[in-house]
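Text of the file query.tsv, holding TSV, C-alpha atoms:
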chain	number	residue	atom	x	y	z
A	26	MET	CA	-36.47	76.94	81.71
A	27	SER	CA	-36.37	77.04	77.90
A	28	ASP	CA	-39.30	76.48	75.63
A	29	GLN	CA	-37.89	73.18	74.48
A	30	GLU	CA	-37.51	71.93	77.99
A	31	LYS	CA	-41.00	73.12	78.77
A	32	ASP	CA	-42.49	71.39	75.73
A	33	PRO	CA	-40.57	68.25	74.77
A	34	LYS	CA	-43.01	67.51	72.00
A	35	ASN	CA	-42.10	70.72	70.27
A	36	ALA	CA	-38.35	69.97	70.48
A	37	GLU	CA	-38.48	66.38	69.20
A	38	PRO	CA	-39.66	67.23	65.72
A	39	GLN	CA	-36.71	69.55	65.27
A	40	VAL	CA	-34.27	66.77	66.14
A	41	GLU	CA	-36.02	64.37	63.80
A	42	THR	CA	-36.06	66.95	61.08
A	43	ALA	CA	-32.32	67.36	61.31
A	44	GLU	CA	-31.82	63.62	61.19
A	45	GLU	CA	-34.18	63.33	58.32
A	46	GLN	CA	-32.31	66.03	56.51
A	47	GLN	CA	-29.07	64.18	57.07
A	48	ALA	CA	-30.65	60.91	55.93
A	49	ALA	CA	-32.09	62.66	52.92
A	50	LYS	CA	-28.68	64.02	52.03
A	51	GLU	CA	-27.17	60.58	52.35
A	52	ALA	CA	-29.99	59.08	50.25
A	53	ASP	CA	-29.47	61.73	47.60
A	54	ALA	CA	-25.73	61.02	47.58
A	55	ALA	CA	-26.39	57.28	47.27
A	56	GLN	CA	-28.78	57.84	44.40
A	57	ALA	CA	-26.24	60.07	42.72
A	58	ASP	CA	-23.57	57.37	43.07
A	59	ALA	CA	-25.99	54.77	41.76
A	60	GLY	CA	-26.84	57.02	38.88
A	61	GLN	CA	-23.20	57.34	37.96
A	62	ALA	CA	-22.59	53.60	38.31
A	63	GLU	CA	-25.57	52.54	36.19
A	64	PRO	CA	-24.25	53.92	32.92
A	65	SER	CA	-20.98	52.00	33.34
A	66	ALA	CA	-22.97	48.82	33.93
A	67	GLN	CA	-25.04	49.60	30.90
A	68	GLU	CA	-21.97	50.34	28.86
A	69	GLU	CA	-20.51	46.82	29.47
A	70	PRO	CA	-22.48	45.14	26.66
A	71	SER	CA	-21.12	47.72	24.23
A	72	VAL	CA	-17.56	46.46	24.97
A	73	ALA	CA	-18.31	43.00	23.42
A	74	GLN	CA	-19.11	44.33	19.99
A	75	GLU	CA	-19.83	42.03	17.05
A	76	PRO	CA	-16.95	41.44	14.54
A	77	SER	CA	-16.80	43.88	11.71
A	78	THR	CA	-17.46	42.90	8.09
A	79	GLU	CA	-13.74	42.92	7.35
A	80	GLU	CA	-13.03	40.60	10.26
A	81	LYS	CA	-15.79	38.22	9.19
A	82	LEU	CA	-14.43	38.25	5.65
A	83	ALA	CA	-10.91	37.49	6.90
A	84	GLU	CA	-12.19	34.56	8.98
A	85	THR	CA	-14.14	33.22	6.01
A	86	GLU	CA	-11.09	33.46	3.76
A	87	ALA	CA	-8.97	31.64	6.35
A	88	GLU	CA	-11.53	28.82	6.59
A	89	LEU	CA	-11.73	28.65	2.81
A	90	ALA	CA	-7.94	28.37	2.57
A	91	LYS	CA	-8.00	25.45	5.04
A	92	VAL	CA	-10.69	23.70	3.02
A	93	LYS	CA	-8.75	24.21	-0.24
A	94	LYS	CA	-5.59	22.80	1.35
A	95	ALA	CA	-7.45	19.76	2.67
A	96	LEU	CA	-9.04	19.15	-0.74
A	97	SER	CA	-5.67	19.49	-2.47
A	98	GLU	CA	-4.05	16.97	-0.13
A	99	ALA	CA	-6.97	14.57	-0.57
A	100	ASP	CA	-6.70	14.91	-4.36
A	101	ILE	CA	-2.97	14.13	-4.26
A	102	ARG	CA	-3.59	11.03	-2.14
A	103	ALA	CA	-6.38	9.92	-4.45
A	104	GLN	CA	-4.19	10.36	-7.55
A	105	ALA	CA	-1.38	8.37	-5.91
A	106	GLU	CA	-3.78	5.59	-4.98
A	107	ILE	CA	-5.14	5.50	-8.55
A	108	GLN	CA	-1.60	5.19	-9.90
A	109	ASN	CA	-0.85	2.34	-7.49
A	110	VAL	CA	-4.04	0.53	-8.47
A	111	ARG	CA	-3.24	0.97	-12.18
A	112	LYS	CA	0.29	-0.35	-11.71
A	113	ARG	CA	-0.94	-3.36	-9.74
A	114	ALA	CA	-3.54	-4.09	-12.40
A	115	GLU	CA	-0.95	-3.86	-15.18
A	116	ARG	CA	1.41	-6.10	-13.24
A	117	ASP	CA	-1.34	-8.66	-12.65
A	118	VAL	CA	-2.28	-8.62	-16.33
A	119	GLN	CA	1.33	-9.11	-17.38
A	120	HIS	CA	1.74	-11.90	-14.85
A	121	ALA	CA	-1.44	-13.61	-16.04
A	122	ARG	CA	-0.37	-13.23	-19.67
A	123	LYS	CA	3.05	-14.69	-18.97
A	124	PHE	CA	1.92	-17.67	-16.98
A	125	ALA	CA	-1.56	-18.38	-18.36
A	126	LEU	CA	-0.06	-21.28	-20.32
A	127	GLU	CA	1.77	-22.70	-17.32
A	128	LYS	CA	-0.60	-25.62	-16.68
A	129	PHE	CA	-1.12	-26.31	-20.37
A	130	ALA	CA	2.63	-26.25	-21.01
A	131	GLY	CA	3.19	-28.53	-18.05
A	132	ASP	CA	0.84	-31.08	-19.59
A	133	LEU	CA	2.77	-30.95	-22.88
A	134	LEU	CA	6.09	-31.76	-21.25
A	135	SER	CA	5.20	-35.44	-21.10
A	136	VAL	CA	4.61	-35.39	-24.88
A	137	ALA	CA	8.11	-34.07	-25.45
A	138	ASP	CA	9.50	-36.68	-23.02
A	139	ASN	CA	7.77	-39.53	-24.84
A	140	LEU	CA	9.01	-38.34	-28.23
A	141	GLU	CA	12.58	-38.20	-26.93
A	142	ARG	CA	12.30	-41.65	-25.36
A	143	GLY	CA	10.86	-43.07	-28.57
A	144	LEU	CA	13.65	-41.50	-30.57
A	145	ALA	CA	16.29	-42.88	-28.22
A	146	ALA	CA	14.77	-46.39	-28.46
A	147	LEU	CA	15.18	-46.55	-32.24
A	148	ASP	CA	18.44	-48.03	-33.54
A	149	ALA	CA	20.26	-45.30	-35.41
A	150	ASP	CA	22.10	-47.93	-37.54
A	151	ASP	CA	18.92	-49.66	-38.69
A	152	ASP	CA	18.02	-48.28	-42.11
A	153	ALA	CA	14.54	-49.74	-41.80
A	154	LEU	CA	13.86	-47.40	-38.90
A	155	GLN	CA	15.28	-44.34	-40.60
A	156	GLY	CA	11.87	-43.07	-41.70
A	157	ALA	CA	10.44	-43.47	-38.20
A	158	ARG	CA	13.38	-41.64	-36.75
A	159	GLU	CA	13.02	-38.76	-39.15
A	160	GLY	CA	9.29	-38.51	-38.43
A	161	ILE	CA	9.81	-38.44	-34.66
A	162	GLU	CA	12.66	-35.95	-34.99
A	163	LEU	CA	10.49	-33.65	-37.13
A	164	THR	CA	7.58	-33.89	-34.67
A	165	LEU	CA	9.85	-33.21	-31.73
A	166	LYS	CA	11.43	-30.23	-33.48
A	167	SER	CA	8.01	-28.75	-34.27
A	168	LEU	CA	6.97	-29.17	-30.65
A	169	LEU	CA	10.14	-27.53	-29.33
A	170	ASP	CA	9.74	-24.68	-31.82
A	171	ALA	CA	6.22	-24.11	-30.47
A	172	PHE	CA	7.65	-24.17	-26.93
A	173	ALA	CA	10.22	-21.53	-27.86
A	174	LYS	CA	7.53	-19.34	-29.44
A	175	TYR	CA	5.85	-19.05	-26.05
A	176	ASN	CA	9.11	-18.73	-24.10
A	177	LEU	CA	9.02	-22.30	-22.86
A	178	GLU	CA	12.70	-23.16	-22.73
A	179	GLN	CA	14.30	-26.57	-22.38
A	180	ILE	CA	16.96	-27.23	-19.72
A	181	SER	CA	19.52	-29.81	-20.80
A	182	PRO	CA	22.61	-29.26	-18.62
A	183	SER	CA	24.86	-32.07	-19.78
A	184	ASP	CA	28.53	-31.45	-18.84
A	185	GLU	CA	27.54	-28.28	-17.00
A	186	PRO	CA	28.06	-27.47	-13.30
A	187	PHE	CA	25.21	-28.65	-11.10
A	188	ASN	CA	22.75	-25.85	-10.29
A	189	PRO	CA	20.35	-26.73	-7.46
A	190	GLU	CA	17.94	-23.98	-8.60
A	191	LEU	CA	17.43	-25.66	-12.00
A	192	HIS	CA	18.60	-29.24	-11.54
A	193	GLU	CA	17.54	-32.14	-9.37
A	194	ALA	CA	20.30	-34.61	-8.58
A	195	MET	CA	18.95	-38.16	-8.70
A	196	THR	CA	22.26	-39.66	-7.68
A	197	MET	CA	25.97	-38.88	-7.41
A	198	VAL	CA	28.71	-41.15	-8.70
A	199	PRO	CA	32.50	-40.88	-8.53
A	200	VAL	CA	33.95	-40.21	-11.97
A	201	PRO	CA	37.72	-39.97	-12.54
A	202	ASN	CA	39.05	-36.95	-14.41
A	203	VAL	CA	35.71	-35.11	-14.04
A	204	GLU	CA	35.24	-32.07	-11.85
A	205	PRO	CA	33.00	-32.83	-8.84
A	206	ASN	CA	29.41	-31.50	-9.01
A	207	THR	CA	29.31	-31.77	-12.78
A	208	VAL	CA	26.23	-33.08	-14.60
A	209	ILE	CA	27.37	-36.22	-16.35
A	210	GLU	CA	23.99	-37.46	-17.55
A	211	VAL	CA	20.51	-35.96	-18.04
A	212	LEU	CA	17.79	-38.44	-17.17
A	213	GLU	CA	14.93	-36.05	-17.87
A	214	LYS	CA	15.21	-32.57	-19.31
A	215	GLY	CA	13.83	-29.60	-17.41
A	216	TYR	CA	11.73	-26.67	-18.60
A	217	GLN	CA	11.11	-23.08	-17.56
A	218	LEU	CA	8.38	-20.69	-18.74
A	219	ASN	CA	9.33	-17.01	-18.98
A	220	GLY	CA	12.12	-17.61	-16.52
A	221	ARG	CA	9.93	-19.51	-14.05
A	222	LEU	CA	10.92	-23.09	-13.42
A	223	LEU	CA	8.24	-25.57	-14.45
A	224	ARG	CA	10.26	-28.70	-13.90
A	225	PRO	CA	13.89	-29.17	-12.88
A	226	ALA	CA	16.19	-31.26	-15.02
A	227	ARG	CA	16.72	-34.65	-13.36
A	228	VAL	CA	20.40	-35.46	-13.59
A	229	ILE	CA	23.27	-37.63	-12.40
A	230	VAL	CA	26.09	-35.63	-10.82
A	231	SER	CA	29.76	-36.49	-10.42
A	232	LYS	CA	31.53	-36.49	-7.11
A	233	ALA	CA	35.13	-36.79	-6.02
A	234	ALA	CA	36.60	-40.30	-6.23
A	235	GLU	CA	36.82	-42.02	-2.87

Would you mind writing the file out in structure tokens?
Amino acid sequence: MSDQEKDPKNAEPQVETAEEQQAAKEADAAQADAGQAEPSAQEEPSVAQEPSTEEKLAETEAELAKVKKALSEADIRAQAEIQNVRKRAERDVQHARKFALEKFAGDLLSVADNLERGLAALDADDDALQGAREGIELTLKSLLDAFAKYNLEQISPSDEPFNPELHEAMTMVPVPNVEPNTVIEVLEKGYQLNGRLLRPARVIVSKAAE
């Protein structure tokens, strides 16, 4: 019988020592692998490096270019809006200047109407009324001259074709040898201020004979 068989206690440590040696070798190999792996794990943060100064400068210049473009576009829009506001203001001023006298002129139309009616009522063959006629005629002329000065024009369409934009037909009568839709009599003259109709001329219009 061998010594190991005789003394099992003496043989067991040798077996354990061999196993321990094997385990130690494996542990050393594992540590070596871990030691090689750790640097790669530690090297990962170095991959995500911060941008260089040149890259930061390029990004800043790109952002600045965007801001300049946005400011330029905003300035163009602002200038266009200012021009539109100025044009509207000028147009409103011109409109107000043209038609500021509209109501006042409208009130004066009755004065011109009364002068014309008074003139028509006077007998042209009566020498006693000649002075009155001349006075009314002079007053009416002065008034119409003032109207013309402010572009207040009289509409007297006798013997003219009827125009529904400027004339108001009070009645229509058949008249031989006269073209239909012709103004044959002006009952009340019309007026327009700077091309805008203040009052249509009230007229009698011809129509075809029945």

### Task
Would you list the contacts of A:Thr207 as a VMD selection string, taking every protein, DNA or RNA residue within 12 Å and counting all atoms listed in the file, but skipping same-chain residues closer than 2 positions in sequence?
chain A and resid 182 to 189 192 194 196 to 205 209 to 211 228 to 233

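Coordinates place atom CA of A:Asn176 at a distance of 8.9 Å from atom CA of A:Lys123.
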
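With atom CA of A:Glu213 on one side and atom CA of A:Phe124 on the other, the separation reads 22.5 Å.
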
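Considering all atoms listed in the file, the residue among A:Ala121, A:Asp170, A:Ala87, A:Gly143 positioned nearest to A:Arg158 is A:Gly143.
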
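Between atom CA of A:Tyr216 and atom CA of A:Gln179 there is a distance of 4.6 Å.
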
### Task
Could you tell me which of A:Glu106, A:Arg227, A:His120, A:Leu144 comes closest to A:Ala157 if we count only C-alpha atoms?
A:Leu144

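Counting only C-alpha atoms and comparing A:Thr164, A:Glu75, A:Asp148, A:Leu212, the residue that lies closest to A:Ser181 is A:Leu212.
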
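Comparing the minimum interatomic distances between A:Asn219 and each of A:Ala137, A:Ala130, A:Ala95, A:Ala153, counting only C-alpha atoms, we find that A:Ala130 sits nearest.
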
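In terms of minimum interatomic distance to A:Glu127, A:Leu222 ranks closest within A:Leu222, A:Leu89, A:Arg113, A:Gly215, counting only C-alpha atoms.
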